file work_23.cif (mmCIF, C-alpha atoms)
data_query
#
loop_
_atom_site.label_atom_id
_atom_site.label_comp_id
_atom_site.auth_asym_id
_atom_site.auth_seq_id
_atom_site.Cartn_x
_atom_site.Cartn_y
_atom_site.Cartn_z
CA MET A 23 -16.02 24.12 6.54
CA LYS A 24 -13.01 21.84 6.06
CA ARG A 25 -9.66 23.59 5.91
CA PHE A 26 -6.28 22.29 4.71
CA ALA A 27 -3.47 23.04 7.18
CA GLY A 28 -0.36 22.40 5.06
CA SER A 29 2.05 24.95 3.59
CA PHE A 30 2.27 25.37 -0.18
CA THR A 31 5.76 26.88 0.06
CA GLN A 32 7.44 24.51 2.51
CA GLN A 33 9.91 22.19 0.81
CA GLU A 34 11.30 18.91 2.10
CA ALA A 35 14.42 19.12 4.27
CA LEU A 36 17.71 18.52 2.49
CA PRO A 37 18.99 14.95 2.74
CA GLU A 38 21.40 14.31 5.60
CA GLU A 39 24.04 13.42 3.01
CA ALA A 40 23.66 16.90 1.50
CA ILE A 41 24.03 18.56 4.89
CA ALA A 42 27.15 16.52 5.67
CA ALA A 43 28.64 17.33 2.24
CA ALA A 44 27.97 21.04 2.76
CA VAL A 45 29.67 20.97 6.16
CA GLU A 46 32.68 19.23 4.64
CA VAL A 47 33.02 21.95 1.98
CA MET A 48 32.66 24.71 4.58
CA ARG A 49 35.32 23.13 6.77
CA SER A 50 37.70 22.98 3.81
CA GLY A 51 37.17 26.66 2.98
CA ARG A 52 37.27 25.70 -0.72
CA LEU A 53 33.93 27.17 -1.75
CA HIS A 54 35.08 28.63 -5.08
CA ARG A 55 34.80 26.00 -7.78
CA TYR A 56 38.39 26.45 -8.98
CA ASN A 57 39.91 26.45 -5.48
CA VAL A 58 41.02 22.83 -5.49
CA ALA A 59 44.22 21.04 -4.47
CA PRO A 60 46.42 19.51 -7.21
CA GLY A 61 44.71 16.44 -8.58
CA GLU A 62 41.49 17.18 -6.66
CA SER A 63 38.08 17.39 -8.34
CA GLY A 64 35.79 19.91 -6.65
CA ALA A 65 32.10 19.36 -5.99
CA ALA A 66 31.04 21.57 -8.93
CA ALA A 67 33.07 19.50 -11.39
CA ARG A 68 31.76 16.24 -9.92
CA LEU A 69 28.20 17.53 -10.16
CA GLU A 70 28.69 18.45 -13.83
CA ARG A 71 29.91 14.93 -14.61
CA ALA A 72 27.06 13.34 -12.66
CA TYR A 73 24.34 15.50 -14.22
CA ALA A 74 25.70 15.01 -17.74
CA GLU A 75 25.59 11.24 -17.19
CA TRP A 76 22.06 11.43 -15.76
CA GLN A 77 20.86 13.60 -18.65
CA GLY A 78 22.60 11.39 -21.21
CA VAL A 79 24.72 14.12 -22.81
CA PRO A 80 28.48 14.73 -23.03
CA TYR A 81 28.51 18.30 -21.72
CA CYS A 82 27.13 20.03 -18.64
CA LEU A 83 27.90 23.39 -17.05
CA ALA A 84 26.82 24.36 -13.51
CA VAL A 85 25.90 28.03 -13.04
CA THR A 86 24.39 30.41 -10.49
CA SER A 87 20.75 30.27 -11.65
CA GLY A 88 18.37 29.11 -14.34
CA GLY A 89 18.07 32.71 -15.52
CA GLN A 90 21.84 32.96 -15.96
CA ALA A 91 21.76 29.63 -17.80
CA MET A 92 19.30 31.10 -20.32
CA GLN A 93 21.32 34.29 -20.78
CA ILE A 94 24.51 32.31 -21.34
CA ALA A 95 22.72 29.93 -23.73
CA LEU A 96 21.38 32.83 -25.80
CA ARG A 97 24.84 34.40 -26.07
CA ALA A 98 26.45 31.02 -26.77
CA VAL A 99 24.22 30.39 -29.82
CA GLY A 100 24.99 33.84 -31.17
CA VAL A 101 22.10 36.12 -30.15
CA ARG A 102 23.20 39.73 -30.50
CA PRO A 103 21.63 43.03 -29.36
CA GLY A 104 18.57 43.77 -31.49
CA ASP A 105 18.01 40.15 -32.56
CA ALA A 106 14.49 38.81 -32.31
CA VAL A 107 14.02 35.67 -30.21
CA LEU A 108 10.82 33.63 -30.22
CA THR A 109 9.35 32.35 -26.96
CA ASN A 110 6.02 31.24 -25.48
CA GLY A 111 3.41 33.87 -24.69
CA PHE A 112 2.74 31.95 -21.46
CA THR A 113 5.87 31.69 -19.34
CA LEU A 114 7.46 33.29 -16.30
CA ALA A 115 9.27 36.63 -16.29
CA PRO A 116 12.86 35.24 -16.26
CA VAL A 117 12.37 33.90 -19.81
CA PRO A 118 11.64 37.22 -21.60
CA GLY A 119 13.96 38.74 -18.99
CA ALA A 120 16.87 36.62 -20.24
CA ILE A 121 16.18 37.70 -23.82
CA ALA A 122 16.03 41.35 -22.77
CA ALA A 123 19.22 40.96 -20.70
CA VAL A 124 21.27 40.05 -23.79
CA GLY A 125 19.68 42.86 -25.80
CA GLY A 126 17.30 40.63 -27.72
CA ARG A 127 13.69 41.37 -28.69
CA PRO A 128 11.18 38.80 -27.42
CA VAL A 129 8.60 37.76 -30.01
CA LEU A 130 5.80 35.98 -28.16
CA VAL A 131 4.06 32.94 -29.62
CA GLU A 132 0.48 31.92 -28.83
CA ILE A 133 -0.27 28.84 -26.72
CA THR A 134 -2.90 26.12 -26.93
CA GLU A 135 -5.53 25.23 -24.33
CA ASP A 136 -3.13 22.53 -23.14
CA LEU A 137 -0.65 25.30 -22.18
CA VAL A 138 2.03 24.48 -24.78
CA ILE A 139 3.39 26.60 -27.59
CA ASP A 140 1.08 26.78 -30.63
CA LEU A 141 2.97 25.22 -33.53
CA ASP A 142 0.88 26.96 -36.19
CA ASP A 143 1.64 30.37 -34.68
CA LEU A 144 5.28 29.37 -34.26
CA ALA A 145 5.52 28.51 -37.95
CA ALA A 146 3.81 31.80 -38.87
CA LYS A 147 6.31 33.83 -36.80
CA ALA A 148 9.41 31.73 -37.46
CA GLY A 149 10.66 34.03 -40.21
CA GLN A 150 11.15 36.83 -37.68
CA ALA A 151 13.96 35.13 -35.72
CA ARG A 152 16.80 32.61 -35.79
CA VAL A 153 16.33 31.33 -32.23
CA LEU A 154 13.45 29.84 -30.24
CA LEU A 155 13.78 29.93 -26.45
CA LEU A 156 11.21 27.22 -25.78
CA SER A 157 9.67 27.39 -22.32
CA HIS A 158 8.32 24.05 -21.09
CA MET A 159 6.14 26.21 -18.88
CA ARG A 160 4.88 24.53 -15.71
CA GLY A 161 6.12 21.19 -17.02
CA HIS A 162 3.84 20.97 -20.08
CA LEU A 163 5.62 19.43 -23.07
CA ALA A 164 4.59 20.23 -26.63
CA ASP A 165 4.76 17.51 -29.29
CA MET A 166 8.55 17.65 -29.50
CA ASP A 167 8.74 15.62 -32.70
CA ALA A 168 6.41 18.05 -34.48
CA LEU A 169 8.07 21.08 -32.91
CA MET A 170 11.54 20.06 -34.05
CA LYS A 171 10.20 19.56 -37.58
CA VAL A 172 8.93 23.17 -37.54
CA ALA A 173 12.30 24.33 -36.21
CA GLU A 174 14.23 22.43 -38.88
CA ALA A 175 11.95 23.67 -41.66
CA HIS A 176 12.55 27.28 -40.61
CA ASP A 177 16.22 26.91 -39.56
CA LEU A 178 15.45 27.79 -35.94
CA THR A 179 17.99 27.08 -33.22
CA VAL A 180 16.08 25.70 -30.22
CA ILE A 181 17.09 26.45 -26.64
CA GLU A 182 15.00 24.45 -24.17
CA ASP A 183 14.04 26.09 -20.88
CA CYS A 184 13.64 23.01 -18.68
CA ALA A 185 13.25 24.80 -15.35
CA HIS A 186 9.95 22.93 -14.84
CA THR A 187 10.78 19.69 -16.68
CA MET A 188 13.85 18.20 -15.02
CA GLY A 189 13.14 14.48 -15.42
CA ALA A 190 10.20 14.91 -17.81
CA ARG A 191 10.23 12.87 -21.01
CA TRP A 192 8.83 12.89 -24.51
CA ASN A 193 8.70 9.39 -26.00
CA ASN A 194 11.13 8.30 -23.27
CA THR A 195 13.65 11.01 -24.23
CA LEU A 196 14.48 13.43 -21.42
CA SER A 197 13.43 17.03 -21.93
CA GLY A 198 16.46 19.10 -22.82
CA ASN A 199 17.71 16.55 -25.33
CA PHE A 200 15.89 17.99 -28.34
CA GLY A 201 17.33 21.47 -28.85
CA ARG A 202 20.90 22.63 -29.34
CA ILE A 203 21.27 23.56 -25.68
CA ALA A 204 19.09 23.19 -22.58
CA CYS A 205 18.76 25.19 -19.38
CA PHE A 206 17.75 23.88 -15.95
CA SER A 207 17.10 25.49 -12.57
CA THR A 208 17.85 24.31 -9.05
CA GLN A 209 16.04 27.18 -7.33
CA THR A 210 14.20 26.11 -4.18
CA TYR A 211 10.83 25.54 -5.88
CA LYS A 212 12.25 23.36 -8.67
CA HIS A 213 13.03 19.62 -8.74
CA MET A 214 16.35 19.92 -6.90
CA ASN A 215 16.99 22.58 -4.29
CA SER A 216 20.14 24.65 -3.85
CA GLY A 217 18.35 27.93 -3.16
CA GLU A 218 19.58 29.26 -6.49
CA GLY A 219 21.50 27.46 -9.22
CA GLY A 220 21.22 25.90 -12.64
CA PHE A 221 22.72 23.85 -15.46
CA LEU A 222 23.29 24.04 -19.17
CA THR A 223 23.57 20.81 -21.15
CA SER A 224 24.46 20.22 -24.80
CA ARG A 225 25.98 17.87 -27.33
CA ASP A 226 27.57 20.77 -29.24
CA PRO A 227 31.23 21.28 -28.20
CA GLU A 228 31.52 24.76 -29.75
CA VAL A 229 28.40 26.07 -28.01
CA MET A 230 29.41 24.53 -24.70
CA ALA A 231 32.95 25.90 -24.91
CA ARG A 232 31.49 29.40 -25.34
CA ALA A 233 29.09 28.77 -22.43
CA VAL A 234 31.96 27.69 -20.15
CA MET A 235 33.92 30.83 -20.97
CA LEU A 236 30.84 33.03 -20.57
CA SER A 237 30.22 31.52 -17.13
CA GLY A 238 33.57 32.89 -15.98
CA SER A 239 36.09 30.07 -16.26
CA TYR A 240 39.04 32.37 -17.00
CA MET A 241 41.63 29.92 -18.42
CA LEU A 242 40.62 27.20 -15.94
CA TYR A 243 38.17 25.43 -18.26
CA GLY A 244 40.17 22.23 -17.83
CA ARG A 245 38.82 22.00 -14.27
CA HIS A 246 35.25 21.47 -15.45
CA GLY A 247 33.75 18.04 -15.06
CA ALA A 248 31.84 17.72 -18.35
CA ALA A 249 33.31 20.28 -20.76
CA PRO A 250 34.71 19.82 -24.27
CA GLY A 251 38.43 19.16 -24.75
CA PRO A 252 41.01 21.96 -24.98
CA GLU A 253 40.78 22.07 -28.78
CA ALA A 254 37.25 23.52 -28.51
CA PHE A 255 38.62 26.48 -26.55
CA ALA A 256 41.47 27.45 -28.88
CA ASP A 257 39.77 30.57 -30.27
CA VAL A 258 36.75 30.75 -27.98
CA ALA A 259 38.90 31.38 -24.90
CA LEU A 260 40.12 34.69 -26.30
CA ASP A 261 36.94 35.81 -28.07
CA THR A 262 34.35 35.30 -25.28
CA PRO A 263 33.61 37.71 -22.43
CA ASN A 264 33.51 36.59 -18.78
CA MET A 265 30.05 36.95 -17.19
CA SER A 266 30.97 35.49 -13.75
CA ALA A 267 28.05 33.11 -13.29
CA ARG A 268 29.83 30.14 -11.72
CA MET A 269 28.19 27.68 -9.35
CA ASP A 270 30.18 27.31 -6.13
CA ASN A 271 31.24 24.06 -4.48
CA LEU A 272 28.86 24.56 -1.55
CA ARG A 273 25.73 24.49 -3.69
CA ALA A 274 27.15 21.69 -5.82
CA ALA A 275 27.78 19.60 -2.71
CA ILE A 276 24.15 20.11 -1.66
CA LEU A 277 22.89 19.02 -5.08
CA LEU A 278 24.91 15.83 -5.61
CA PRO A 279 22.95 13.73 -3.07
CA GLN A 280 19.67 15.16 -4.40
CA LEU A 281 20.54 14.00 -7.91
CA ALA A 282 20.72 10.44 -6.58
CA GLN A 283 17.09 10.83 -5.40
CA LEU A 284 15.75 12.61 -8.49
CA ASP A 285 14.24 9.63 -10.31
CA ALA A 286 12.39 8.55 -7.17
CA ASN A 287 11.13 12.10 -6.61
CA VAL A 288 9.90 12.34 -10.21
CA SER A 289 7.68 9.33 -9.50
CA ARG A 290 6.47 10.92 -6.27
CA TRP A 291 5.43 14.12 -8.10
CA VAL A 292 3.66 12.14 -10.82
CA GLU A 293 1.66 10.33 -8.13
CA ARG A 294 0.70 13.53 -6.31
CA GLU A 295 -0.42 15.38 -9.42
CA ALA A 296 -2.50 12.37 -10.48
CA ALA A 297 -4.28 12.40 -7.10
CA VAL A 298 -5.23 16.07 -7.45
CA ARG A 299 -6.29 15.64 -11.09
CA GLU A 300 -8.55 12.73 -10.21
CA GLU A 301 -10.45 14.90 -7.72
CA LEU A 302 -10.62 17.97 -9.99
CA ALA A 303 -11.94 15.87 -12.87
CA ARG A 304 -15.11 15.25 -10.84
CA SER A 305 -16.26 18.82 -11.50
CA PRO A 306 -17.71 19.66 -14.95
CA ALA A 307 -16.75 23.30 -14.34
CA ILE A 308 -13.03 22.50 -14.23
CA ARG A 309 -10.96 21.97 -17.36
CA LEU A 310 -7.56 20.30 -17.00
CA PRO A 311 -4.89 20.56 -19.70
CA GLU A 312 -4.36 17.25 -21.46
CA ALA A 313 -0.92 15.72 -21.96
CA PRO A 314 -0.27 13.44 -24.95
CA ALA A 315 0.47 9.81 -24.18
CA ALA A 316 4.08 10.39 -25.26
CA ALA A 317 4.63 12.96 -22.49
CA LEU A 318 5.76 12.14 -18.96
CA ARG A 319 5.11 15.27 -16.90
CA VAL A 320 6.77 16.00 -13.56
CA GLY A 321 3.83 17.49 -11.68
CA SER A 322 5.43 19.80 -9.13
CA SER A 323 2.51 22.14 -9.86
CA ILE A 324 -0.93 21.82 -11.41
CA GLN A 325 -2.96 24.16 -13.62
CA PHE A 326 -6.64 24.24 -14.50
CA GLN A 327 -9.33 26.53 -15.90
CA VAL A 328 -12.71 27.15 -14.29
CA GLU A 329 -16.01 28.17 -15.87
CA GLY A 330 -18.89 29.85 -14.10
CA VAL A 331 -16.91 31.25 -11.16
CA ALA A 332 -15.16 34.62 -11.11
CA PRO A 333 -11.44 33.95 -10.59
CA GLU A 334 -11.28 36.48 -7.73
CA ASP A 335 -14.11 34.66 -5.97
CA LEU A 336 -12.43 31.28 -6.45
CA LEU A 337 -9.16 32.59 -5.01
CA ALA A 338 -11.01 33.80 -1.93
CA ARG A 339 -13.05 30.60 -1.51
CA ALA A 340 -9.95 28.44 -1.88
CA ALA A 341 -8.07 30.58 0.66
CA GLU A 342 -10.92 30.09 3.15
CA ARG A 343 -10.30 26.36 2.75
CA GLY A 344 -6.53 26.70 3.25
CA VAL A 345 -5.71 26.18 -0.43
CA GLU A 346 -3.26 28.64 -2.04
CA LEU A 347 -4.08 29.24 -5.70
CA LYS A 348 -2.50 31.71 -8.11
CA TRP A 349 -4.24 33.28 -11.11
CA PHE A 350 -2.41 34.10 -14.33
CA GLY A 351 -5.20 36.37 -15.55
CA ALA A 352 -4.87 38.93 -12.77
CA GLN A 353 -4.53 42.54 -13.86
CA HIS A 354 -1.39 43.05 -11.78
CA PRO A 355 1.53 40.67 -11.16
CA ALA A 356 1.77 39.06 -7.71
CA GLY A 357 4.75 37.19 -6.29
CA PHE A 358 6.21 34.92 -8.97
CA THR A 359 3.07 35.11 -11.13
CA SER A 360 2.83 37.54 -14.04
CA ALA A 361 1.64 37.69 -17.65
CA HIS A 362 3.02 39.36 -20.76
CA ARG A 363 0.93 42.52 -20.30
CA SER A 364 3.03 43.40 -17.23
CA TRP A 365 6.43 42.91 -18.92
CA ARG A 366 6.75 46.54 -19.96
CA TYR A 367 10.44 46.10 -20.81
CA ILE A 368 9.33 44.33 -24.02
CA ALA A 369 7.18 45.64 -26.86
CA PRO A 370 3.42 45.11 -26.33
CA GLN A 371 2.13 42.14 -28.32
CA ASP A 372 -1.27 40.91 -29.41
CA LEU A 373 -1.99 37.40 -28.11
CA PRO A 374 -5.78 37.00 -28.05
CA ARG A 375 -5.82 33.19 -27.69
CA THR A 376 -3.24 33.19 -24.93
CA ASP A 377 -5.03 36.00 -23.09
CA ALA A 378 -8.34 34.12 -23.27
CA ILE A 379 -6.73 31.05 -21.71
CA LEU A 380 -4.91 32.98 -18.98
CA ALA A 381 -8.13 34.82 -18.07
CA THR A 382 -9.38 31.75 -16.20
CA LEU A 383 -6.12 29.85 -15.57
CA MET A 384 -5.38 28.78 -12.01
CA ASP A 385 -2.01 27.55 -10.77
CA MET A 386 -1.03 25.64 -7.63
CA ARG A 387 2.24 24.29 -6.27
CA LEU A 388 2.52 20.65 -5.18
CA PRO A 389 5.52 20.29 -2.87
CA LEU A 390 6.66 16.82 -1.88
CA THR A 391 5.85 17.69 1.73
CA PHE A 392 2.23 16.85 0.79
CA SER A 393 1.21 13.20 1.05
CA VAL A 394 -0.94 11.56 -1.62
CA PRO A 395 -4.01 11.57 0.68
CA GLU A 396 -3.41 15.27 1.35
CA CYS A 397 -3.32 15.90 -2.42
CA ARG A 398 -6.68 14.19 -2.73
CA GLU A 399 -7.97 16.37 0.10
CA ILE A 400 -6.72 19.52 -1.67
CA GLY A 401 -8.40 18.49 -4.91
CA ALA A 402 -11.70 17.88 -3.11
CA LEU A 403 -11.48 21.28 -1.38
CA ILE A 404 -10.94 23.02 -4.74
CA VAL A 405 -14.01 21.29 -6.17
CA ASP A 406 -15.96 22.36 -3.08
CA ALA A 407 -14.78 25.95 -3.60
CA VAL A 408 -15.81 25.86 -7.28
CA GLU A 409 -19.27 24.49 -6.51
CA ALA A 410 -19.97 26.69 -3.47
CA ARG A 411 -22.87 29.06 -3.87
#
call {"tool": "encode", "arguments": {"input": "work_23.cif", "output": "structure tokens"}}
result
Amino acid sequence: MKRFAGSFTQQEALPEEAIAAAVEVMRSGRLHRYNVAPGESGAAARLERAYAEWQGVPYCLAVTSGGQAMQIALRAVGVRPGDAVLTNGFTLAPVPGAIAAVGGRPVLVEITEDLVIDLDDLAAKAGQARVLLLSHMRGHLADMDALMKVAEAHDLTVIEDCAHTMGARWNNTLSGNFGRIACFSTQTYKHMNSGEGGFLTSRDPEVMARAVMLSGSYMLYGRHGAAPGPEAFADVALDTPNMSARMDNLRAAILLPQLAQLDANVSRWVEREAAVREELARSPAIRLPEAPAAALRVGSSIQFQVEGVAPEDLLARAAERGVELKWFGAQHPAGFTSAHRSWRYIAPQDLPRTDAILATLMDMRLPLTFSVPECREIGALIVDAVEAR
């Protein structure tokens, strides 16, 4: 039996430029983002300017994690304890966790077989909330034109969770540029790697001023690289609590060189996912989610459903072949993988269509340490595991 020898959790080494920049920050001792000499711009401020320019927006805030970005975004758009917040029924635990952390009540929306939020169910539930925390789960983009029409018709404020879609596009518009505010992650398994970290981006100066204060700027908001002008902080600075969620200069220094490589890495992920998909498509038992022509997906992971094989058996067969799959339909959460039934900190909700999809849904990481030929090999091994008798 053929067996794949690569690691599904090993990321690429940081660029030498990132290592040198980190050493420079450590030698300076100026790790705190506001610890700068007169006239100096720290790495966190430079990163905010660079990411705002890359994203094509005026404002960017660097924070400690994607989860903190979502919590700050929810507070910044006015979510209060007890408020309902809509979000996808298929997502990862930090998304409902962020809603719960600010005292909100997650209202879960069904998904389609292509793993995006169901717009009919969204419209049906829209009257229950003022805010949609939209999870672009595993990089799958809904029809953003249609979604924003639903949001506008029901006066929903959209926060985009772009943890899995940094660099993805809908009709050539970057994900994160549709809602009022967007949240990104730079955790190790995302598209840039600082261990933990994240961004918020927006075109709304009032929302971003609140986010900057919430992140813990004290009265040093003028030292941010892509924040609104001082007029936006006139009242906000005194009315907004400090949540101490600042990114430090060390992580920012690590990220700046990676940002310069991001477009090239997006292309590399697209190529690797396409290689796996091509192999999986050879099996009639495997169903792959379809992406509309308008969507450019950044395939740092791949998902598929399988018919005719018990998921537990497929996990075991794949493992025998050195392929690490995860299953979203498992009864108990494992590692990073969980489903809404195990989020007991939120009210139980009835999602029959989502549950039916998750029952056979497999998930697999695609790190850039894999070559394109290796991705083809992995796809062929999965097909072999599906067809084994």
call {"tool": "atom_distance", "arguments": {"input": "work_23.cif", "atom1": "atom CA of A:Ser63", "atom2": "atom CA of A:Gly247"}}
result
8.0 Å
call {"tool": "resolve_selection", "arguments": {"input": "work_23.cif", "expression": "the PyMOL selection byres ((chain A and resi 163) around 12)", "output": "ChimeraX atom specification"}}
result
/A:133-134,136-140,156-162,164-169,182-184,186-193,195-198,200,311-321
call {"tool": "atom_distance", "arguments": {"input": "work_23.cif", "atom1": "atom CA of A:Met170", "atom2": "atom CA of A:Gln327"}}
result
28.4 Å
call {"tool": "closest_atom_pairs", "arguments": {"input": "work_23.cif", "of": "stretch 288-388 of chain A", "to": "stretch 97-118 of chain A", "cutoff": "7 Å", "atoms": "only C-alpha atoms", "output": "JSON lines"}}
result
{"residue": "A:Ser360", "atom": "CA", "partner": "A:Leu114", "partner_atom": "CA", "distance": 6.7}
{"residue": "A:Ala361", "atom": "CA", "partner": "A:Phe112", "partner_atom": "CA", "distance": 7.0}
{"residue": "A:His362", "atom": "CA", "partner": "A:Gly111", "partner_atom": "CA", "distance": 6.8}
{"residue": "A:Thr376", "atom": "CA", "partner": "A:Gly111", "partner_atom": "CA", "distance": 6.7}
call {"tool": "residues_around", "arguments": {"input": "work_23.cif", "residues": "A:Pro60", "least_positions_apart": "4", "cutoff": "12 Å", "atoms": "only C-alpha atoms", "output": "PyMOL selection string"}}
result
chain A and resi 56+64+245
call {"tool": "resolve_selection", "arguments": {"input": "work_23.cif", "expression": "the PyMOL selection byres ((chain A and resi 224-234) around 9)", "output": "ChimeraX atom specification"}}
result
/A:74,79-83,91,94-95,97-99,198-199,201-204,222-223,235-239,243,246,249-252,254-255,258-259,261-262
call {"tool": "atom_distance", "arguments": {"input": "work_23.cif", "atom1": "atom CA of A:Ile41", "atom2": "atom CA of A:Gly28"}}
result
24.7 Å
